[in-house]
2 protein chains.
Amino acid sequence: MDERAALDLVGGLVSGAGDDAAVVDGTALTIDMLHETTDFPPGTTRYTAGWRAVGASLSDVAATGADATAAVAAYAAPEFEEGELSEFVAGANEVCDAVGAAYVGGDLDGHDEFTVATAAVGDADGQVGRDGARPGDAVVVTGSLGRSAAAIEYFERGDTQRANALFQFMPRVAAGRALAGHATAMMDSSDGLARSLHQLSEGSGCGFDVDSDRIPVADDLEGLVADPLDRAVTFGEDFELVATVPPERVEAARGALSVDLSVVGEVTESGILLDGDPLPDEGWTH
Amino acid sequence: MDERAALDLVGGLVSGAGDDAAVVDGTALTIDMLHETTDFPPGTTRYTAGWRAVGASLSDVAATGADATAAVAAYAAPEFEEGELSEFVAGANEVCDAVGAAYVGGDLDGHDEFTVATAAVGDADGQVGRDGARPGDAVVVTGSLGRSAAAIEYFERGDTQRANALFQFMPRVAAGRALAGHATAMMDSSDGLARSLHQLSEGSGCGFDVDSDRIPVADDLEGLVADPLDRAVTFGEDFELVATVPPERVEAARGALSVDLSVVGEVTESGILLDGDPLPDEGWTH
């Protein structure tokens, strides 16, 4: 069974599964696992790994509209080197600081492969799920898409300094809070915009009509890859927010955000289209 | 650097690290990682793995005196088999049900070695830490010690049915809540009683004087291993609570619990003694 099928299986067994984070009694809770072979290319510093792993969980909390308050990490490696561990903790601390959350430690574990599990919690008054998108809503995206895809290119070219900088993303906690008052559905773009739209479509029973020239492709991809748009749409790992907002509320939502908010298209009855052509469900499978 | 040194390093970098769970703004949060080579002997069912992994995090929350409300797990394996995954989720669900918490899903990840990360949260009004033990306090232990040690013996003998049953422990959430009103310090016994006493000693700057004939050795160990007492004291992985309670409150604490509470000794100024002899800091290193 592939990971998608397995997720569907778990979704049928566990109430609350399926969203980026679960919300129980006003507390959002999420867990993620990242590991060296698939998530940390050669050249990734432990600082970046700490930032990115903890950031992924903060992003999940943000995607429910909750206010991320704290995060923990379990750090598993074949050996514990003081420098690496200190760097990891520094990255974890700083990404928490950046969004006003507290990094409060975790667990250590001996493990053949460098592996990190992270969890985050947040205060949730209500929850923006994936099931509320309605035809006519605008589809909005925070920030830009493709920074992680650009980072991968730089890792492959050996420019690890630039790659690490691009790999440290800002979890959209403040944006998630601001969008929570306006959005009908929301999730993060960790699997890529294309896959996010397919997941929102499944959750809400709707379609999407998206225009390529409105998609905020990261400048970093320009000149770096052959098809920046395709990479921005399908690569994922950007941890921006993808939300649906009634059109009359877009300006209010935008005004409440300190990060760019792009309207990339609109919610339709069915079908997921990019410039009128079907947009396949292609993207990142963790 | 070994794991203990690494934990000390992290403890110096992260405020809140060092206790079983961190408490932030009234919410207890913990994360744990378990994996096949060290935590799930051959013969461990996925049901038991789900129960035990999620139970470990619930136990951490319990050890702070908080009321565990929800848990999540990240399940990583080389492949996702429907039967295994369903069993894992069933075990996770049932251990949560057993303590009145909600299992709300998590993450899936492809990974060479079967690895599980779990996180749990709880409502905390205050926090029982490891730093409040005072000379004269009684040292108490819930339930009995050695069930997991017995399970390991049965796994090695191929009696996986008995082993799996012993490997499923009851997280002491209700007991932790009840003890929270009385205990001056508390933690769980996941590293074994000996190591727990050393950690409480370090946290509180005190000593312990413990009597072997008052230690609640699990009946399951009798006749199974050469030295049941030693195994019960050092093996760990039992997830009972070890707490210190002012002597005049022991009966009230006992009356509030639905599980046995054994007084095993008392808090002293310094030195960790078992029957008057130094008790070494030996136990489980995860």
# chains A, B, ... in the order shown; residues from 1 in each chain; ligands from 1
>>> residues_around(residues="Asp281 in chain B", least_positions_apart="5", cutoff="7 Å", atoms="only C-alpha atoms", output="list in words")
Ala194, Arg195 and His198 of chain B
>>> write_last_selection(atoms="C-alpha atoms", output="mmCIF file, in the first residue's frame")
data_model
loop_
_atom_site.group_PDB
_atom_site.id
_atom_site.type_symbol
_atom_site.label_atom_id
_atom_site.label_comp_id
_atom_site.auth_asym_id
_atom_site.auth_seq_id
_atom_site.Cartn_x
_atom_site.Cartn_y
_atom_site.Cartn_z
ATOM 1 C CA ALA B 194 17.418 3.261 40.273
ATOM 2 C CA ARG B 195 17.882 5.790 37.501
ATOM 3 C CA HIS B 198 19.293 9.407 40.623
#
>>> residues_around(residues="Ala180 in chain B", least_positions_apart="3", cutoff="10 Å", atoms="only C-alpha atoms", output="mmCIF file with N, CA, C and O atoms, in the first residue's frame")
data_model
loop_
_atom_site.group_PDB
_atom_site.id
_atom_site.type_symbol
_atom_site.label_atom_id
_atom_site.label_comp_id
_atom_site.auth_asym_id
_atom_site.auth_seq_id
_atom_site.Cartn_x
_atom_site.Cartn_y
_atom_site.Cartn_z
ATOM 1 N N ALA B 62 1.465 12.274 32.266
ATOM 2 C CA ALA B 62 0.987 11.899 33.606
ATOM 3 C C ALA B 62 2.011 12.253 34.675
ATOM 4 O O ALA B 62 1.664 12.666 35.777
ATOM 5 N N ALA B 63 3.290 12.093 34.331
ATOM 6 C CA ALA B 63 4.356 12.300 35.314
ATOM 7 C C ALA B 63 4.504 13.758 35.739
ATOM 8 O O ALA B 63 5.162 14.058 36.732
ATOM 9 N N THR B 64 3.885 14.669 34.990
ATOM 10 C CA THR B 64 3.892 16.075 35.421
ATOM 11 C C THR B 64 2.654 16.410 36.243
ATOM 12 O O THR B 64 2.490 17.541 36.694
ATOM 13 N N GLY B 65 1.763 15.440 36.371
ATOM 14 C CA GLY B 65 0.514 15.674 37.090
ATOM 15 C C GLY B 65 -0.586 16.237 36.208
ATOM 16 O O GLY B 65 -1.665 16.578 36.695
ATOM 17 N N ALA B 66 -0.335 16.308 34.901
ATOM 18 C CA ALA B 66 -1.326 16.874 33.979
ATOM 19 C C ALA B 66 -2.339 15.807 33.560
ATOM 20 O O ALA B 66 -2.095 14.605 33.683
ATOM 21 N N ALA B 124 -2.647 21.124 32.273
ATOM 22 C CA ALA B 124 -1.851 21.171 33.500
ATOM 23 C C ALA B 124 -2.230 22.402 34.306
ATOM 24 O O ALA B 124 -2.122 23.518 33.811
ATOM 25 N N ASP B 125 -2.710 22.199 35.513
ATOM 26 C CA ASP B 125 -2.842 23.334 36.430
ATOM 27 C C ASP B 125 -1.668 23.218 37.386
ATOM 28 O O ASP B 125 -1.720 22.492 38.374
ATOM 29 N N GLY B 126 -0.589 23.884 37.047
ATOM 30 C CA GLY B 126 0.660 23.683 37.777
ATOM 31 C C GLY B 126 1.439 22.528 37.185
ATOM 32 O O GLY B 126 1.029 21.953 36.166
ATOM 33 N N GLN B 127 2.563 22.216 37.737
ATOM 34 C CA GLN B 127 3.408 21.139 37.232
ATOM 35 C C GLN B 127 4.193 20.551 38.389
ATOM 36 O O GLN B 127 4.827 21.267 39.150
ATOM 37 N N VAL B 128 4.129 19.240 38.512
ATOM 38 C CA VAL B 128 5.000 18.575 39.476
ATOM 39 C C VAL B 128 6.295 18.262 38.743
ATOM 40 O O VAL B 128 6.295 17.532 37.752
ATOM 41 N N GLY B 129 7.388 18.859 39.180
ATOM 42 C CA GLY B 129 8.669 18.651 38.517
ATOM 43 C C GLY B 129 9.516 17.640 39.271
ATOM 44 O O GLY B 129 9.000 16.788 40.005
ATOM 45 N N ALA B 174 -4.534 8.859 35.648
ATOM 46 C CA ALA B 174 -5.410 9.137 36.796
ATOM 47 C C ALA B 174 -4.574 9.224 38.076
ATOM 48 O O ALA B 174 -4.791 10.109 38.911
ATOM 49 N N ALA B 175 -3.609 8.327 38.226
ATOM 50 C CA ALA B 175 -2.757 8.351 39.421
ATOM 51 C C ALA B 175 -1.930 9.631 39.473
ATOM 52 O O ALA B 175 -1.732 10.221 40.541
ATOM 53 N N GLY B 176 -1.438 10.066 38.311
ATOM 54 C CA GLY B 176 -0.662 11.301 38.261
ATOM 55 C C GLY B 176 -1.493 12.497 38.687
ATOM 56 O O GLY B 176 -1.025 13.372 39.428
ATOM 57 N N ARG B 177 -2.748 12.521 38.225
ATOM 58 C CA ARG B 177 -3.643 13.607 38.632
ATOM 59 C C ARG B 177 -3.853 13.600 40.140
ATOM 60 O O ARG B 177 -3.821 14.637 40.796
ATOM 61 N N ALA B 183 2.206 15.322 45.786
ATOM 62 C CA ALA B 183 3.625 15.038 45.551
ATOM 63 C C ALA B 183 4.464 16.304 45.519
ATOM 64 O O ALA B 183 4.029 17.349 45.028
ATOM 65 N N THR B 184 5.679 16.202 46.046
ATOM 66 C CA THR B 184 6.632 17.308 45.974
ATOM 67 C C THR B 184 7.532 17.174 44.736
ATOM 68 O O THR B 184 8.092 18.153 44.257
ATOM 69 N N ALA B 185 7.677 15.947 44.229
ATOM 70 C CA ALA B 185 8.416 15.689 42.986
ATOM 71 C C ALA B 185 7.845 14.418 42.375
ATOM 72 O O ALA B 185 7.296 13.568 43.092
ATOM 73 N N MET B 186 7.957 14.307 41.061
ATOM 74 C CA MET B 186 7.403 13.110 40.417
ATOM 75 C C MET B 186 8.044 12.930 39.037
ATOM 76 O O MET B 186 8.414 13.880 38.376
ATOM 77 N N ALA B 243 7.289 9.029 42.980
ATOM 78 C CA ALA B 243 7.017 10.373 43.513
ATOM 79 C C ALA B 243 7.496 10.473 44.950
ATOM 80 O O ALA B 243 7.752 9.466 45.622
ATOM 81 N N VAL B 245 6.351 12.282 48.578
ATOM 82 C CA VAL B 245 5.138 12.802 49.204
ATOM 83 C C VAL B 245 5.430 13.021 50.690
ATOM 84 O O VAL B 245 6.000 12.137 51.338
ATOM 85 N N ALA B 253 -3.036 10.481 49.693
ATOM 86 C CA ALA B 253 -2.664 10.191 48.306
ATOM 87 C C ALA B 253 -3.122 8.781 47.934
ATOM 88 O O ALA B 253 -3.712 8.555 46.867
#
>>> select_by_dssp(residues="range 47-261 of chain B", states="strand (DSSP E or B)", output="PyMOL selection string")
chain B and resi 67-77+102-110+115-123+138-142+145+185-188+207-210+217+241-245+261
>>> write_last_selection(atoms="C-alpha atoms", output="compact mmCIF listing (two decimals), in the first residue's frame")
# COMPACT_ATOMS: atom_id res chain seq x y z
CA ASP B 67 -4.51 15.38 32.57
CA ALA B 68 -3.61 13.79 29.22
CA THR B 69 -6.11 14.88 26.60
CA ALA B 70 -4.75 13.86 23.18
CA ALA B 71 -1.96 12.01 21.42
CA VAL B 72 -0.60 11.64 17.90
CA ALA B 73 1.93 9.30 16.32
CA ALA B 74 4.22 9.34 13.31
CA TYR B 75 4.53 5.81 11.92
CA ALA B 76 7.60 5.14 9.80
CA ALA B 77 8.24 1.82 8.11
CA ALA B 102 -8.20 11.11 22.22
CA TYR B 103 -5.95 9.56 19.59
CA VAL B 104 -6.07 12.03 16.74
CA GLY B 105 -3.75 10.64 14.10
CA GLY B 106 -0.40 11.83 12.90
CA ASP B 107 2.01 11.26 10.10
CA LEU B 108 3.33 8.46 7.91
CA ASP B 109 6.86 8.27 6.67
CA GLY B 110 8.85 5.79 4.60
CA THR B 115 10.22 3.76 13.91
CA VAL B 116 7.47 5.47 15.83
CA ALA B 117 7.40 8.98 17.19
CA THR B 118 4.60 9.95 19.52
CA ALA B 119 3.50 13.16 21.13
CA ALA B 120 0.88 13.82 23.78
CA VAL B 121 -0.63 16.88 25.38
CA GLY B 122 -2.48 17.45 28.60
CA ASP B 123 -4.14 20.12 30.68
CA ALA B 138 8.17 9.37 51.61
CA VAL B 139 9.18 7.80 48.28
CA VAL B 140 6.20 6.16 46.62
CA VAL B 141 5.77 3.99 43.54
CA THR B 142 2.52 3.15 41.74
CA LEU B 145 7.98 -2.86 38.73
CA ALA B 185 8.42 15.69 42.99
CA MET B 186 7.40 13.11 40.42
CA MET B 187 8.59 11.34 37.26
CA ASP B 188 7.88 8.09 35.54
CA GLY B 207 19.32 11.61 48.73
CA PHE B 208 17.19 8.48 49.07
CA ASP B 209 17.07 5.57 51.45
CA VAL B 210 15.09 2.72 49.94
CA VAL B 217 8.37 -6.38 42.41
CA LEU B 241 5.15 6.83 38.68
CA VAL B 242 7.89 7.48 41.22
CA ALA B 243 7.02 10.37 43.51
CA THR B 244 7.95 11.95 46.80
CA VAL B 245 5.14 12.80 49.20
CA LEU B 261 0.79 2.89 46.00
>>> residues_around(residues="Ala232 in chain A", least_positions_apart="3", cutoff="8 Å", atoms="only C-alpha atoms", output="PyMOL selection string")
chain A and resi 145-146+149+192-193+217-218+228-229+235-236
>>> closest_residue(among="A:Thr37, A:Ser190, A:Ser204, A:Ser258", to="chain B", atoms="only C-alpha atoms")
A:Thr37
>>> residues_around(residues="Pro41 in chain A", least_positions_apart="2", cutoff="9 Å", atoms="only C-alpha atoms", output="list in words")
Glu36, Thr37, Thr38, Asp39, Gly43, Thr44, Ile152, Phe155 and Glu156 of chain A
>>> write_last_selection(atoms="C-alpha atoms", output="PDB file, in the first residue's frame")
ATOM      1  CA  GLU A  36      18.151  12.314   6.260  1.00  0.00           C
ATOM      2  CA  THR A  37      17.607  10.348   3.036  1.00  0.00           C
ATOM      3  CA  THR A  38      14.409  12.108   2.005  1.00  0.00           C
ATOM      4  CA  ASP A  39      14.360  15.430   3.810  1.00  0.00           C
ATOM      5  CA  GLY A  43      24.982  19.932   2.981  1.00  0.00           C
ATOM      6  CA  THR A  44      21.992  20.625   5.184  1.00  0.00           C
ATOM      7  CA  ILE A 152      17.467  21.630  -3.672  1.00  0.00           C
ATOM      8  CA  PHE A 155      22.369  21.767  -2.683  1.00  0.00           C
ATOM      9  CA  GLU A 156      22.970  19.784  -5.871  1.00  0.00           C
TER      10      GLU A 156
END
>>> residues_around(residues="Ser148 in chain B", least_positions_apart="4", cutoff="7 Å", atoms="only C-alpha atoms", output="PyMOL selection string")
chain B and resi 152+166-167+237-238
>>> closest_residue(among="A:Asp159, A:Asp2, A:Ala150, A:Asp112", to="Glu79 in chain A", atoms="only C-alpha atoms")
A:Asp112
>>> select_by_dssp(residues="range 64-217 of chain A", states="alpha helix (DSSP H)", output="ChimeraX atom specification")
/A:82-99,147-157,160-167,173-180,193-204
>>> write_last_selection(atoms="C-alpha atoms", output="PDB file, in the first residue's frame")
ATOM      1  CA  GLU A  82      28.056  18.515  20.742  1.00  0.00           C
ATOM      2  CA  GLY A  83      28.385  20.967  17.863  1.00  0.00           C
ATOM      3  CA  GLU A  84      25.670  19.347  15.783  1.00  0.00           C
ATOM      4  CA  LEU A  85      23.280  19.041  18.672  1.00  0.00           C
ATOM      5  CA  SER A  86      23.819  22.638  19.781  1.00  0.00           C
ATOM      6  CA  GLU A  87      23.246  23.852  16.232  1.00  0.00           C
ATOM      7  CA  PHE A  88      20.088  21.822  15.925  1.00  0.00           C
ATOM      8  CA  VAL A  89      18.740  23.261  19.171  1.00  0.00           C
ATOM      9  CA  ALA A  90      19.674  26.778  18.046  1.00  0.00           C
ATOM     10  CA  GLY A  91      17.722  26.351  14.806  1.00  0.00           C
ATOM     11  CA  ALA A  92      14.765  24.902  16.680  1.00  0.00           C
ATOM     12  CA  ASN A  93      14.857  27.731  19.218  1.00  0.00           C
ATOM     13  CA  GLU A  94      15.090  30.418  16.582  1.00  0.00           C
ATOM     14  CA  VAL A  95      12.237  29.236  14.402  1.00  0.00           C
ATOM     15  CA  CYS A  96      10.079  29.120  17.537  1.00  0.00           C
ATOM     16  CA  ASP A  97      11.208  32.609  18.526  1.00  0.00           C
ATOM     17  CA  ALA A  98      10.368  33.853  15.036  1.00  0.00           C
ATOM     18  CA  VAL A  99       6.719  32.940  15.507  1.00  0.00           C
ATOM     19  CA  ARG A 147      12.055  28.414  -2.353  1.00  0.00           C
ATOM     20  CA  SER A 148      12.633  24.827  -1.266  1.00  0.00           C
ATOM     21  CA  ALA A 149      12.823  23.693  -4.875  1.00  0.00           C
ATOM     22  CA  ALA A 150      15.484  26.347  -5.425  1.00  0.00           C
ATOM     23  CA  ALA A 151      17.293  25.167  -2.287  1.00  0.00           C
ATOM     24  CA  ILE A 152      17.467  21.630  -3.672  1.00  0.00           C
ATOM     25  CA  GLU A 153      19.051  22.964  -6.853  1.00  0.00           C
ATOM     26  CA  TYR A 154      21.658  24.828  -4.842  1.00  0.00           C
ATOM     27  CA  PHE A 155      22.369  21.767  -2.683  1.00  0.00           C
ATOM     28  CA  GLU A 156      22.970  19.784  -5.871  1.00  0.00           C
ATOM     29  CA  ARG A 157      25.291  22.477  -7.183  1.00  0.00           C
ATOM     30  CA  THR A 160      25.187  24.956   0.489  1.00  0.00           C
ATOM     31  CA  GLN A 161      25.199  28.420   1.991  1.00  0.00           C
ATOM     32  CA  ARG A 162      22.498  29.701  -0.322  1.00  0.00           C
ATOM     33  CA  ALA A 163      20.686  26.362  -0.116  1.00  0.00           C
ATOM     34  CA  ASN A 164      20.551  26.434   3.671  1.00  0.00           C
ATOM     35  CA  ALA A 165      19.261  30.002   3.715  1.00  0.00           C
ATOM     36  CA  LEU A 166      16.454  29.106   1.305  1.00  0.00           C
ATOM     37  CA  PHE A 167      15.684  25.965   3.276  1.00  0.00           C
ATOM     38  CA  VAL A 173       1.614  31.389  12.144  1.00  0.00           C
ATOM     39  CA  ALA A 174       0.662  35.067  12.152  1.00  0.00           C
ATOM     40  CA  ALA A 175      -0.810  34.745   8.657  1.00  0.00           C
ATOM     41  CA  GLY A 176      -2.767  31.663   9.712  1.00  0.00           C
ATOM     42  CA  ARG A 177      -4.231  33.556  12.657  1.00  0.00           C
ATOM     43  CA  ALA A 178      -5.182  36.448  10.435  1.00  0.00           C
ATOM     44  CA  LEU A 179      -6.645  34.205   7.715  1.00  0.00           C
ATOM     45  CA  ALA A 180      -8.599  32.159  10.265  1.00  0.00           C
ATOM     46  CA  LEU A 193       0.222  23.694  -4.616  1.00  0.00           C
ATOM     47  CA  ALA A 194      -1.086  21.052  -7.025  1.00  0.00           C
ATOM     48  CA  ARG A 195      -1.440  18.418  -4.337  1.00  0.00           C
ATOM     49  CA  SER A 196      -2.851  20.951  -1.870  1.00  0.00           C
ATOM     50  CA  LEU A 197      -5.600  21.823  -4.340  1.00  0.00           C
ATOM     51  CA  HIS A 198      -6.388  18.133  -4.820  1.00  0.00           C
ATOM     52  CA  GLN A 199      -6.592  17.635  -1.077  1.00  0.00           C
ATOM     53  CA  LEU A 200      -8.807  20.684  -0.565  1.00  0.00           C
ATOM     54  CA  SER A 201     -10.960  19.458  -3.459  1.00  0.00           C
ATOM     55  CA  GLU A 202     -11.348  16.100  -1.753  1.00  0.00           C
ATOM     56  CA  GLY A 203     -12.103  17.715   1.606  1.00  0.00           C
ATOM     57  CA  SER A 204     -14.599  20.260   0.314  1.00  0.00           C
TER      58      SER A 204
END
